[in-house]
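The data block below is data-v6.pdb; it holds PDB, C-alpha atoms and all ligand atoms.
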ATOM      1  CA  MET U   1      64.391  84.699  17.006  1.00  0.00           C
ATOM      2  CA  GLY U   2      66.758  86.731  19.148  1.00  0.00           C
ATOM      3  CA  VAL U   3      68.372  86.699  22.552  1.00  0.00           C
ATOM      4  CA  SER U   4      66.432  86.286  25.773  1.00  0.00           C
ATOM      5  CA  GLY U   5      64.264  89.313  26.563  1.00  0.00           C
ATOM      6  CA  THR U   6      64.347  90.686  23.047  1.00  0.00           C
ATOM      7  CA  GLY U   7      60.538  90.544  22.837  1.00  0.00           C
ATOM      8  CA  LYS U   8      59.923  87.263  20.998  1.00  0.00           C
ATOM      9  CA  THR U   9      56.960  86.149  23.098  1.00  0.00           C
ATOM     10  CA  SER U  10      55.332  89.583  23.101  1.00  0.00           C
ATOM     11  CA  VAL U  11      55.698  90.059  19.340  1.00  0.00           C
ATOM     12  CA  ALA U  12      54.746  86.483  18.463  1.00  0.00           C
ATOM     13  CA  GLN U  13      51.568  86.559  20.531  1.00  0.00           C
ATOM     14  CA  ALA U  14      50.488  89.839  18.971  1.00  0.00           C
ATOM     15  CA  LEU U  15      51.347  88.631  15.465  1.00  0.00           C
ATOM     16  CA  ALA U  16      49.553  85.314  15.980  1.00  0.00           C
ATOM     17  CA  ARG U  17      46.444  87.217  17.076  1.00  0.00           C
ATOM     18  CA  ARG U  18      46.589  89.544  14.068  1.00  0.00           C
ATOM     19  CA  GLU U  19      47.225  86.793  11.524  1.00  0.00           C
ATOM     20  CA  GLY U  20      45.096  84.111  13.185  1.00  0.00           C
ATOM     21  CA  TRP U  21      48.050  81.713  13.417  1.00  0.00           C
ATOM     22  CA  PRO U  22      48.600  79.020  16.013  1.00  0.00           C
ATOM     23  CA  PHE U  23      51.362  80.107  18.396  1.00  0.00           C
ATOM     24  CA  MET U  24      53.877  78.013  20.297  1.00  0.00           C
ATOM     25  CA  GLU U  25      56.080  79.316  23.088  1.00  0.00           C
ATOM     26  CA  GLY U  26      59.452  77.732  22.388  1.00  0.00           C
ATOM     27  CA  ASP U  27      60.487  78.102  26.030  1.00  0.00           C
ATOM     28  CA  SER U  28      57.691  75.721  27.007  1.00  0.00           C
ATOM     29  CA  LEU U  29      59.277  73.000  24.845  1.00  0.00           C
ATOM     30  CA  HIS U  30      62.587  72.928  26.732  1.00  0.00           C
ATOM     31  CA  PRO U  31      63.392  69.710  28.585  1.00  0.00           C
ATOM     32  CA  ALA U  32      63.060  70.402  32.340  1.00  0.00           C
ATOM     33  CA  ALA U  33      66.833  70.016  32.775  1.00  0.00           C
ATOM     34  CA  ASN U  34      67.435  72.951  30.428  1.00  0.00           C
ATOM     35  CA  VAL U  35      65.067  75.220  32.341  1.00  0.00           C
ATOM     36  CA  ALA U  36      66.706  74.215  35.638  1.00  0.00           C
ATOM     37  CA  LYS U  37      70.153  74.890  34.194  1.00  0.00           C
ATOM     38  CA  MET U  38      69.252  78.372  32.925  1.00  0.00           C
ATOM     39  CA  HIS U  39      67.395  79.171  36.136  1.00  0.00           C
ATOM     40  CA  ALA U  40      70.561  78.292  38.057  1.00  0.00           C
ATOM     41  CA  GLY U  41      72.476  80.819  35.936  1.00  0.00           C
ATOM     42  CA  HIS U  42      74.293  78.485  33.531  1.00  0.00           C
ATOM     43  CA  PRO U  43      74.190  78.989  29.766  1.00  0.00           C
ATOM     44  CA  LEU U  44      73.027  76.084  27.625  1.00  0.00           C
ATOM     45  CA  THR U  45      75.482  74.242  25.402  1.00  0.00           C
ATOM     46  CA  ASP U  46      74.943  72.964  21.864  1.00  0.00           C
ATOM     47  CA  ALA U  47      74.302  69.512  23.346  1.00  0.00           C
ATOM     48  CA  ASP U  48      71.641  70.923  25.717  1.00  0.00           C
ATOM     49  CA  ARG U  49      69.894  72.727  22.890  1.00  0.00           C
ATOM     50  CA  ALA U  50      69.909  69.831  20.417  1.00  0.00           C
ATOM     51  CA  PRO U  51      66.878  67.898  21.797  1.00  0.00           C
ATOM     52  CA  TRP U  52      64.967  71.146  22.272  1.00  0.00           C
ATOM     53  CA  LEU U  53      65.597  72.242  18.676  1.00  0.00           C
ATOM     54  CA  LYS U  54      64.347  68.858  17.513  1.00  0.00           C
ATOM     55  CA  ILE U  55      61.086  69.330  19.444  1.00  0.00           C
ATOM     56  CA  CYS U  56      60.761  72.854  17.954  1.00  0.00           C
ATOM     57  CA  HIS U  57      61.402  71.511  14.458  1.00  0.00           C
ATOM     58  CA  ASP U  58      58.830  68.737  14.973  1.00  0.00           C
ATOM     59  CA  TRP U  59      56.200  71.259  16.032  1.00  0.00           C
ATOM     60  CA  LEU U  60      56.863  73.359  12.908  1.00  0.00           C
ATOM     61  CA  ALA U  61      56.754  70.220  10.743  1.00  0.00           C
ATOM     62  CA  LYS U  62      53.373  69.277  12.202  1.00  0.00           C
ATOM     63  CA  GLU U  63      51.952  72.725  11.468  1.00  0.00           C
ATOM     64  CA  ALA U  64      53.402  72.775   7.932  1.00  0.00           C
ATOM     65  CA  GLU U  65      51.963  69.332   7.324  1.00  0.00           C
ATOM     66  CA  ALA U  66      48.556  70.658   8.349  1.00  0.00           C
ATOM     67  CA  GLY U  67      49.073  73.311   5.659  1.00  0.00           C
ATOM     68  CA  ARG U  68      48.727  76.393   7.819  1.00  0.00           C
ATOM     69  CA  GLY U  69      50.781  79.338   8.950  1.00  0.00           C
ATOM     70  CA  ALA U  70      52.075  79.123  12.496  1.00  0.00           C
ATOM     71  CA  ILE U  71      54.493  80.986  14.713  1.00  0.00           C
ATOM     72  CA  LEU U  72      57.056  79.649  17.152  1.00  0.00           C
ATOM     73  CA  THR U  73      59.331  81.611  19.469  1.00  0.00           C
ATOM     74  CA  CYS U  74      62.880  80.298  19.637  1.00  0.00           C
ATOM     75  CA  SER U  75      66.117  82.101  20.380  1.00  0.00           C
ATOM     76  CA  ALA U  76      67.707  80.312  17.364  1.00  0.00           C
ATOM     77  CA  LEU U  77      70.982  81.994  18.231  1.00  0.00           C
ATOM     78  CA  LYS U  78      73.314  80.166  15.842  1.00  0.00           C
ATOM     79  CA  ARG U  79      73.139  79.574  12.130  1.00  0.00           C
ATOM     80  CA  LYS U  80      73.318  75.817  12.609  1.00  0.00           C
ATOM     81  CA  TYR U  81      70.323  75.957  14.961  1.00  0.00           C
ATOM     82  CA  ARG U  82      68.330  77.873  12.353  1.00  0.00           C
ATOM     83  CA  ASP U  83      69.362  75.398   9.682  1.00  0.00           C
ATOM     84  CA  GLN U  84      68.161  72.572  11.928  1.00  0.00           C
ATOM     85  CA  LEU U  85      64.847  74.332  12.644  1.00  0.00           C
ATOM     86  CA  ALA U  86      64.169  75.016   8.975  1.00  0.00           C
ATOM     87  CA  LYS U  87      65.359  71.675   7.601  1.00  0.00           C
ATOM     88  CA  ASP U  88      62.958  70.587   4.828  1.00  0.00           C
ATOM     89  CA  LEU U  89      60.404  73.166   5.996  1.00  0.00           C
ATOM     90  CA  PRO U  90      59.203  76.537   4.654  1.00  0.00           C
ATOM     91  CA  VAL U  91      60.375  78.544   7.661  1.00  0.00           C
ATOM     92  CA  GLN U  92      60.546  82.349   7.604  1.00  0.00           C
ATOM     93  CA  PHE U  93      62.578  83.803  10.485  1.00  0.00           C
ATOM     94  CA  ILE U  94      61.808  87.142  12.090  1.00  0.00           C
ATOM     95  CA  TYR U  95      64.871  88.455  13.881  1.00  0.00           C
ATOM     96  CA  LEU U  96      64.185  91.006  16.598  1.00  0.00           C
ATOM     97  CA  ARG U  97      67.331  93.109  16.589  1.00  0.00           C
ATOM     98  CA  VAL U  98      67.604  95.007  19.864  1.00  0.00           C
ATOM     99  CA  LYS U  99      70.537  96.874  21.396  1.00  0.00           C
ATOM    100  CA  PRO U 100      72.055  95.136  24.435  1.00  0.00           C
ATOM    101  CA  ASP U 101      71.291  97.979  26.859  1.00  0.00           C
ATOM    102  CA  ILE U 102      67.623  97.964  25.878  1.00  0.00           C
ATOM    103  CA  VAL U 103      67.342  94.176  26.264  1.00  0.00           C
ATOM    104  CA  ALA U 104      69.018  94.452  29.666  1.00  0.00           C
ATOM    105  CA  GLN U 105      66.446  97.040  30.785  1.00  0.00           C
ATOM    106  CA  ARG U 106      63.606  94.803  29.606  1.00  0.00           C
ATOM    107  CA  LEU U 107      65.004  91.746  31.360  1.00  0.00           C
ATOM    108  CA  ASN U 108      65.658  93.619  34.573  1.00  0.00           C
ATOM    109  CA  SER U 109      62.058  94.787  34.761  1.00  0.00           C
ATOM    110  CA  ARG U 110      60.516  91.432  33.769  1.00  0.00           C
ATOM    111  CA  VAL U 111      59.167  89.369  36.664  1.00  0.00           C
ATOM    112  CA  GLY U 112      58.278  85.694  37.055  1.00  0.00           C
ATOM    113  CA  HIS U 113      60.476  84.247  34.313  1.00  0.00           C
ATOM    114  CA  PHE U 114      63.023  81.474  34.816  1.00  0.00           C
ATOM    115  CA  MET U 115      65.765  83.190  32.789  1.00  0.00           C
ATOM    116  CA  PRO U 116      68.069  85.376  34.942  1.00  0.00           C
ATOM    117  CA  PRO U 117      69.312  88.667  33.425  1.00  0.00           C
ATOM    118  CA  SER U 118      72.862  87.557  34.346  1.00  0.00           C
ATOM    119  CA  LEU U 119      72.784  85.204  31.338  1.00  0.00           C
ATOM    120  CA  LEU U 120      72.379  88.053  28.872  1.00  0.00           C
ATOM    121  CA  PRO U 121      76.099  88.503  28.064  1.00  0.00           C
ATOM    122  CA  SER U 122      76.362  84.803  27.160  1.00  0.00           C
ATOM    123  CA  GLN U 123      73.258  85.129  24.968  1.00  0.00           C
ATOM    124  CA  PHE U 124      74.875  87.963  22.981  1.00  0.00           C
ATOM    125  CA  ALA U 125      78.201  86.100  22.865  1.00  0.00           C
ATOM    126  CA  THR U 126      76.436  83.079  21.354  1.00  0.00           C
ATOM    127  CA  LEU U 127      74.284  85.052  18.919  1.00  0.00           C
ATOM    128  CA  GLU U 128      75.235  84.742  15.260  1.00  0.00           C
ATOM    129  CA  GLU U 129      73.244  87.376  13.439  1.00  0.00           C
ATOM    130  CA  PRO U 130      71.548  85.953  10.326  1.00  0.00           C
ATOM    131  CA  ASP U 131      73.579  85.928   7.128  1.00  0.00           C
ATOM    132  CA  GLU U 132      72.427  87.545   3.874  1.00  0.00           C
ATOM    133  CA  ASP U 133      71.364  84.209   2.406  1.00  0.00           C
ATOM    134  CA  GLU U 134      69.064  83.238   5.278  1.00  0.00           C
ATOM    135  CA  PRO U 135      65.278  83.627   5.023  1.00  0.00           C
ATOM    136  CA  VAL U 136      64.910  86.382   7.588  1.00  0.00           C
ATOM    137  CA  ILE U 137      63.016  89.583   8.173  1.00  0.00           C
ATOM    138  CA  VAL U 138      65.072  91.864  10.407  1.00  0.00           C
ATOM    139  CA  ALA U 139      62.611  93.755  12.603  1.00  0.00           C
ATOM    140  CA  PRO U 140      63.363  96.955  14.543  1.00  0.00           C
ATOM    141  CA  GLY U 141      63.100  95.328  17.973  1.00  0.00           C
ATOM    142  CA  ASP U 142      63.969  98.534  19.880  1.00  0.00           C
ATOM    143  CA  LYS U 143      60.615 100.080  18.938  1.00  0.00           C
ATOM    144  CA  SER U 144      57.255  99.708  20.650  1.00  0.00           C
ATOM    145  CA  LEU U 145      55.449  96.411  20.399  1.00  0.00           C
ATOM    146  CA  GLU U 146      52.801  97.902  18.155  1.00  0.00           C
ATOM    147  CA  GLU U 147      55.388  99.410  15.788  1.00  0.00           C
ATOM    148  CA  ILE U 148      57.254  96.117  15.525  1.00  0.00           C
ATOM    149  CA  VAL U 149      54.105  94.132  14.758  1.00  0.00           C
ATOM    150  CA  ASP U 150      53.008  96.775  12.213  1.00  0.00           C
ATOM    151  CA  TYR U 151      56.434  96.562  10.603  1.00  0.00           C
ATOM    152  CA  VAL U 152      56.265  92.782  10.227  1.00  0.00           C
ATOM    153  CA  VAL U 153      52.656  92.779   8.995  1.00  0.00           C
ATOM    154  CA  ASN U 154      53.446  95.514   6.430  1.00  0.00           C
ATOM    155  CA  TYR U 155      56.548  93.676   5.342  1.00  0.00           C
ATOM    156  CA  LEU U 156      54.602  90.464   4.829  1.00  0.00           C
ATOM    157  CA  ASP U 157      51.899  92.363   2.920  1.00  0.00           C
ATOM    158  CA  LYS U 158      54.439  93.978   0.603  1.00  0.00           C
ATOM    159  CA  HIS U 159      56.486  90.833   0.021  1.00  0.00           C
ATOM    160  CA  PRO U 160      54.102  88.037  -0.864  1.00  0.00           C
ATOM    161  CA  MET U 161      55.344  84.568  -0.153  1.00  0.00           C
ATOM    162  CA  ASP U 162      56.905  82.567  -2.932  1.00  0.00           C
ATOM    163  CA  PRO U 163      54.415  79.718  -3.454  1.00  0.00           C
ATOM    164  CA  LYS U 164      57.259  77.209  -3.809  1.00  0.00           C
ATOM    165  CA  THR U 165      59.424  78.075  -0.847  1.00  0.00           C
ATOM    166  CA  ARG U 166      56.658  79.805   1.121  1.00  0.00           C
ATOM    167  CA  GLN U 167      59.238  82.366   2.230  1.00  0.00           C
ATOM    168  CA  VAL U 168      59.219  86.098   1.581  1.00  0.00           C
ATOM    169  CA  GLU U 169      61.926  88.034  -0.235  1.00  0.00           C
ATOM    170  CA  ASN U 170      65.107  88.055   1.798  1.00  0.00           C
ATOM    171  CA  ARG U 171      65.873  90.843   4.278  1.00  0.00           C
ATOM    172  CA  ALA U 172      64.176  94.051   5.299  1.00  0.00           C
TER     173      ALA U 172
HETATM  174  N1  LIG U 201      58.864  96.323  22.115  1.00  0.00           N
HETATM  175  C1  LIG U 201      58.902  96.310  23.432  1.00  0.00           C
HETATM  176  N2  LIG U 201      59.002  97.457  24.109  1.00  0.00           N
HETATM  177  C2  LIG U 201      59.096  97.470  25.464  1.00  0.00           C
HETATM  178  N3  LIG U 201      59.064  96.356  26.240  1.00  0.00           N
HETATM  179  C3  LIG U 201      58.964  95.180  25.615  1.00  0.00           C
HETATM  180  C4  LIG U 201      58.860  95.088  24.180  1.00  0.00           C
HETATM  181  N4  LIG U 201      58.774  93.789  23.841  1.00  0.00           N
HETATM  182  C5  LIG U 201      58.816  93.094  25.004  1.00  0.00           C
HETATM  183  N5  LIG U 201      58.901  93.921  26.060  1.00  0.00           N
HETATM  184  C6  LIG U 201      59.004  93.535  27.477  1.00  0.00           C
HETATM  185  O1  LIG U 201      60.316  92.993  27.641  1.00  0.00           O
HETATM  186  C7  LIG U 201      60.270  91.808  28.425  1.00  0.00           C
HETATM  187  C8  LIG U 201      60.801  90.647  27.588  1.00  0.00           C
HETATM  188  O2  LIG U 201      59.889  90.377  26.540  1.00  0.00           O
HETATM  189  P1  LIG U 201      59.539  88.904  26.094  1.00  0.00           P
HETATM  190  O3  LIG U 201      59.298  88.040  27.301  1.00  0.00           O
HETATM  191  O4  LIG U 201      58.481  88.999  25.072  1.00  0.00           O
HETATM  192  O5  LIG U 201      60.932  88.488  25.441  1.00  0.00           O
HETATM  193  P2  LIG U 201      61.435  87.066  24.917  1.00  0.00           P
HETATM  194  O6  LIG U 201      62.371  87.340  23.804  1.00  0.00           O
HETATM  195  O7  LIG U 201      60.286  86.172  24.645  1.00  0.00           O
HETATM  196  O8  LIG U 201      62.223  86.527  26.146  1.00  0.00           O
HETATM  197  P3  LIG U 201      62.680  85.022  26.490  1.00  0.00           P
HETATM  198  O9  LIG U 201      63.431  84.525  25.340  1.00  0.00           O
HETATM  199  O10 LIG U 201      63.555  85.212  27.676  1.00  0.00           O
HETATM  200  O11 LIG U 201      61.452  84.255  26.798  1.00  0.00           O
HETATM  201  C9  LIG U 201      58.837  91.635  28.881  1.00  0.00           C
HETATM  202  O12 LIG U 201      58.687  92.157  30.177  1.00  0.00           O
HETATM  203  C10 LIG U 201      58.031  92.415  27.858  1.00  0.00           C
HETATM  204  O13 LIG U 201      56.838  92.930  28.400  1.00  0.00           O
HETATM  205  O1  LIG U 202      69.064  79.176  23.469  1.00  0.00           O
HETATM  206  C1  LIG U 202      69.044  79.552  24.624  1.00  0.00           C
HETATM  207  O2  LIG U 202      70.021  79.923  25.256  1.00  0.00           O
HETATM  208  C2  LIG U 202      67.752  79.564  25.325  1.00  0.00           C
HETATM  209  O3  LIG U 202      66.785  79.161  24.467  1.00  0.00           O
HETATM  210  C3  LIG U 202      67.313  80.882  25.826  1.00  0.00           C
HETATM  211  O4  LIG U 202      67.383  81.877  24.856  1.00  0.00           O
HETATM  212  C4  LIG U 202      65.976  80.715  26.461  1.00  0.00           C
HETATM  213  O5  LIG U 202      65.195  79.644  26.059  1.00  0.00           O
HETATM  214  C5  LIG U 202      65.047  81.778  26.462  1.00  0.00           C
HETATM  215  O6  LIG U 202      64.988  82.625  25.459  1.00  0.00           O
HETATM  216  C6  LIG U 202      64.570  81.982  27.850  1.00  0.00           C
HETATM  217  O7  LIG U 202      64.381  83.203  28.210  1.00  0.00           O
END
Output the structure of this file as structure tokens.
Amino acid sequence: MGVSGTGKTSVAQALARREGWPFMEGDSLHPAANVAKMHAGHPLTDADRAPWLKICHDWLAKEAEAGRGAILTCSALKRKYRDQLAKDLPVQFIYLRVKPDIVAQRLNSRVGHFMPPSLLPSQFATLEEPDEDEPVIVAPGDKSLEEIVDYVVNYLDKHPMDPKTRQVENRA
């Protein structure tokens, strides 16, 4: 989770490769109208995100049902979105915390993506950082890709999952 351009896709792909998990790009699950809206420079509303979050949740539910680890990228900007994503599922969030100026640099140099950098301020305005009681690993998203993935893998190694909740100990 994290705002657009924070590195979710890059980290998730690398982590999925390392852990051998199926990976789903959350952006590819958006209804076409949402992609068109963002591409045109308009932020999504709660109502726009609701059907998308349901599709994301259903993908996670399918993977959990199959009894395997899996990783999904999703901005999951608000607490209520995260609660919806994790409803009745053993979901562990990884929050890529990155300073706004660094995200802006990354977005400005990214090519071929539908999301315009002009939407970044609205992404940060919408972001509710995870609360203490949420199942989240806060990763140092400003670092290099390799350092971030190492951090998450080490964290997971050191904090084995609770067999009941299948979540790791809260917080980094
Ligand atoms: N740790 C990093 N260090 C430097 N550049 C990075 C890092 N992580 C990602 N990038 C670059 O920043 C840009 C945004 O990364 P990425 O597409 O993975 O972000 P994202 O959070 O998935 O974005 P979106 O939500 O908009 O799809 C890409 O060009 C990527 O190569
Ligand atoms: O919740 C949102 O506002 C959106 O999901 C965005 O964050 C994008 O999907 C995305 O990350 C594209 O770059």
Which residues would end up in the selection if the PyMOL selection byres (((chain U and resi 91) around 9) and not hetatm) were applied here, given that I need the answer as a list in words?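 Written out, the selection comes to Leu60, Leu85, Ala86, Lys87, Asp88, Leu89, Pro90, Gln92, Phe93, Pro135, Thr165, Arg166 and Gln167 of chain U.
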Using the chain letters and numbering of this document, enumerate as a CSV table (one decimal) with C-alpha atoms, in the coordinates of the input the residues selected by the PyMOL selection byres (((chain U and resi 40) around 12) and not hetatm).
chain,number,residue,atom,x,y,z
U,33,ALA,CA,66.8,70.0,32.8
U,34,ASN,CA,67.4,73.0,30.4
U,35,VAL,CA,65.1,75.2,32.3
U,36,ALA,CA,66.7,74.2,35.6
U,37,LYS,CA,70.2,74.9,34.2
U,38,MET,CA,69.3,78.4,32.9
U,39,HIS,CA,67.4,79.2,36.1
U,41,GLY,CA,72.5,80.8,35.9
U,42,HIS,CA,74.3,78.5,33.5
U,43,PRO,CA,74.2,79.0,29.8
U,44,LEU,CA,73.0,76.1,27.6
U,114,PHE,CA,63.0,81.5,34.8
U,115,MET,CA,65.8,83.2,32.8
U,116,PRO,CA,68.1,85.4,34.9
U,117,PRO,CA,69.3,88.7,33.4
U,118,SER,CA,72.9,87.6,34.3
U,119,LEU,CA,72.8,85.2,31.3
Dump the neighbourhood of ligand LIG 202 (chain U) as a list in words: all residues within 7 Å, distances computed on all atoms listed in the file.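 If we count all atoms listed in the file, the neighbours of ligand LIG 202 (chain U) turn out to be Val3, Ser4, Gly5, Asp27, Pro43, Leu44, Arg49, Cys74, Ser75, Ala76, Leu77, Phe114, Met115 and Gln123 of chain U.
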Given the choices U:Asp48, U:Asp58, U:Glu63, U:Asp101, which gets closest to Trp21 (chain U) if the distance is worked out from all atoms listed in the file? U:Glu63
Sorted by chain and rising residue number, which residues of chain U lie within 7 Å of ligand LIG 201 (chain U), and what are their closest atom pairs and distances in Å to one decimal, counting only C-alpha atoms and all ligand atoms, as JSON lines?
{"residue": "U:Gly2", "atom": "CA", "partner": "U:LIG201", "partner_atom": "O6", "distance": 6.4}
{"residue": "U:Val3", "atom": "CA", "partner": "U:LIG201", "partner_atom": "O9", "distance": 6.1}
{"residue": "U:Ser4", "atom": "CA", "partner": "U:LIG201", "partner_atom": "O9", "distance": 3.5}
{"residue": "U:Gly5", "atom": "CA", "partner": "U:LIG201", "partner_atom": "O8", "distance": 3.5}
{"residue": "U:Thr6", "atom": "CA", "partner": "U:LIG201", "partner_atom": "O6", "distance": 4.0}
{"residue": "U:Gly7", "atom": "CA", "partner": "U:LIG201", "partner_atom": "O5", "distance": 3.3}
{"residue": "U:Lys8", "atom": "CA", "partner": "U:LIG201", "partner_atom": "O6", "distance": 3.7}
{"residue": "U:Thr9", "atom": "CA", "partner": "U:LIG201", "partner_atom": "O7", "distance": 3.7}
{"residue": "U:Ser10", "atom": "CA", "partner": "U:LIG201", "partner_atom": "O4", "distance": 3.8}
{"residue": "U:Val11", "atom": "CA", "partner": "U:LIG201", "partner_atom": "O4", "distance": 6.5}
{"residue": "U:Asp27", "atom": "CA", "partner": "U:LIG201", "partner_atom": "O11", "distance": 6.3}
{"residue": "U:Thr73", "atom": "CA", "partner": "U:LIG201", "partner_atom": "O7", "distance": 7.0}
{"residue": "U:Ser75", "atom": "CA", "partner": "U:LIG201", "partner_atom": "O9", "distance": 6.1}
{"residue": "U:Arg106", "atom": "CA", "partner": "U:LIG201", "partner_atom": "O1", "distance": 4.2}
{"residue": "U:Leu107", "atom": "CA", "partner": "U:LIG201", "partner_atom": "C7", "distance": 5.6}
{"residue": "U:Ser109", "atom": "CA", "partner": "U:LIG201", "partner_atom": "O12", "distance": 6.3}
{"residue": "U:Arg110", "atom": "CA", "partner": "U:LIG201", "partner_atom": "O12", "distance": 4.1}
{"residue": "U:Met115", "atom": "CA", "partner": "U:LIG201", "partner_atom": "O10", "distance": 5.9}
{"residue": "U:Gly141", "atom": "CA", "partner": "U:LIG201", "partner_atom": "N1", "distance": 6.0}
{"residue": "U:Asp142", "atom": "CA", "partner": "U:LIG201", "partner_atom": "N1", "distance": 6.0}
{"residue": "U:Lys143", "atom": "CA", "partner": "U:LIG201", "partner_atom": "N1", "distance": 5.2}
{"residue": "U:Ser144", "atom": "CA", "partner": "U:LIG201", "partner_atom": "N1", "distance": 4.0}
{"residue": "U:Leu145", "atom": "CA", "partner": "U:LIG201", "partner_atom": "N1", "distance": 3.8}
{"residue": "U:Ile148", "atom": "CA", "partner": "U:LIG201", "partner_atom": "N1", "distance": 6.8}
Separation of CA of Lys99 (chain U) from CA of Ser122 (chain U) in Å: 14.6 Å
Selection under test: the PyMOL selection byres (((chain U and resi 70) around 8) and not hetatm); residues as a PyMOL selection string: chain U and resi 16+21-23+60+63-64+68-69+71-72
Hey, can you check how far CA of His30 (chain U) sits from CA of Val136 (chain U)?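 Between CA of His30 (chain U) and CA of Val136 (chain U) the gap works out to 23.5 Å.
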If we count only C-alpha atoms, what is near Pro130 (chain U) at a cut-off of 8 Å, once residues fewer than 2 positions away on the same chain are taken out, given as number ranges by chain? U: 79, 95, 128, 132, 134, 136
Check the smallest atom-to-atom distance from each of U:Val98, U:Lys62, U:Ile137, U:Gln13 to Asn154 (chain U) using only C-alpha atoms, then report the winner.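 Of the candidates, the smallest distance to Asn154 (chain U) is held by U:Ile137.
Taking CA of Leu53 (chain U) and CA of Glu129 (chain U) as the two end points, the separation is 17.7 Å.
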Restricting to all atoms listed in the file, whichever of U:Ala61, U:Leu15, U:Cys56, U:Ala50 is closest to Tyr151 (chain U) is U:Leu15
If I wrap all listed atoms of region 56-70 of chain U in a box with edges along x, y and z and add 8 Å on each side, what are its centre and edge lengths in Å to one decimal, as AutoDock Vina command-line options?
--center_x 55.0 --center_y 74.0 --center_z 11.8 --size_x 28.8 --size_y 26.6 --size_z 28.3
Which residue gives the smallest distance to Val138 (chain U) among U:Met161, U:Glu65, U:Tyr155, U:Arg17, with all atoms listed in the file counted?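 Smallest distance to Val138 (chain U) is found for U:Tyr155.
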Generate N, CA and C atoms for region 72-86 of chain U and emit them as a JSON list (two decimals), in the coordinates of the input.
[["chain", "number", "residue", "atom", "x", "y", "z"],
["U", 72, "LEU", "N", 56.34, 80.25, 16.02],
["U", 72, "LEU", "CA", 57.06, 79.65, 17.15],
["U", 72, "LEU", "C", 58.11, 80.64, 17.64],
["U", 73, "THR", "N", 58.23, 80.81, 18.95],
["U", 73, "THR", "CA", 59.33, 81.61, 19.47],
["U", 73, "THR", "C", 60.50, 80.68, 19.79],
["U", 74, "CYS", "N", 61.68, 81.10, 19.36],
["U", 74, "CYS", "CA", 62.88, 80.30, 19.64],
["U", 74, "CYS", "C", 64.06, 81.25, 19.50],
["U", 75, "SER", "N", 64.97, 81.19, 20.44],
["U", 75, "SER", "CA", 66.12, 82.10, 20.38],
["U", 75, "SER", "C", 66.91, 81.90, 19.07],
["U", 76, "ALA", "N", 67.06, 80.63, 18.65],
["U", 76, "ALA", "CA", 67.71, 80.31, 17.36],
["U", 76, "ALA", "C", 68.99, 81.12, 17.16],
["U", 77, "LEU", "N", 69.85, 81.07, 18.17],
["U", 77, "LEU", "CA", 70.98, 81.99, 18.23],
["U", 77, "LEU", "C", 72.07, 81.74, 17.18],
["U", 78, "LYS", "N", 72.23, 80.47, 16.79],
["U", 78, "LYS", "CA", 73.31, 80.17, 15.84],
["U", 78, "LYS", "C", 72.75, 79.75, 14.49],
["U", 79, "ARG", "N", 73.55, 79.96, 13.48],
["U", 79, "ARG", "CA", 73.14, 79.57, 12.13],
["U", 79, "ARG", "C", 72.78, 78.09, 12.07],
["U", 80, "LYS", "N", 73.60, 77.26, 12.71],
["U", 80, "LYS", "CA", 73.32, 75.82, 12.61],
["U", 80, "LYS", "C", 72.01, 75.46, 13.32],
["U", 81, "TYR", "N", 71.62, 76.22, 14.32],
["U", 81, "TYR", "CA", 70.32, 75.96, 14.96],
["U", 81, "TYR", "C", 69.19, 76.31, 13.98],
["U", 82, "ARG", "N", 69.39, 77.45, 13.29],
["U", 82, "ARG", "CA", 68.33, 77.87, 12.35],
["U", 82, "ARG", "C", 68.23, 76.88, 11.21],
["U", 83, "ASP", "N", 69.39, 76.40, 10.76],
["U", 83, "ASP", "CA", 69.36, 75.40, 9.68],
["U", 83, "ASP", "C", 68.63, 74.14, 10.16],
["U", 84, "GLN", "N", 68.86, 73.76, 11.40],
["U", 84, "GLN", "CA", 68.16, 72.57, 11.93],
["U", 84, "GLN", "C", 66.65, 72.83, 12.03],
["U", 85, "LEU", "N", 66.29, 74.00, 12.50],
["U", 85, "LEU", "CA", 64.85, 74.33, 12.64],
["U", 85, "LEU", "C", 64.13, 74.32, 11.31],
["U", 86, "ALA", "N", 64.82, 74.82, 10.27],
["U", 86, "ALA", "CA", 64.17, 75.02, 8.98],
["U", 86, "ALA", "C", 64.36, 73.83, 8.03]]
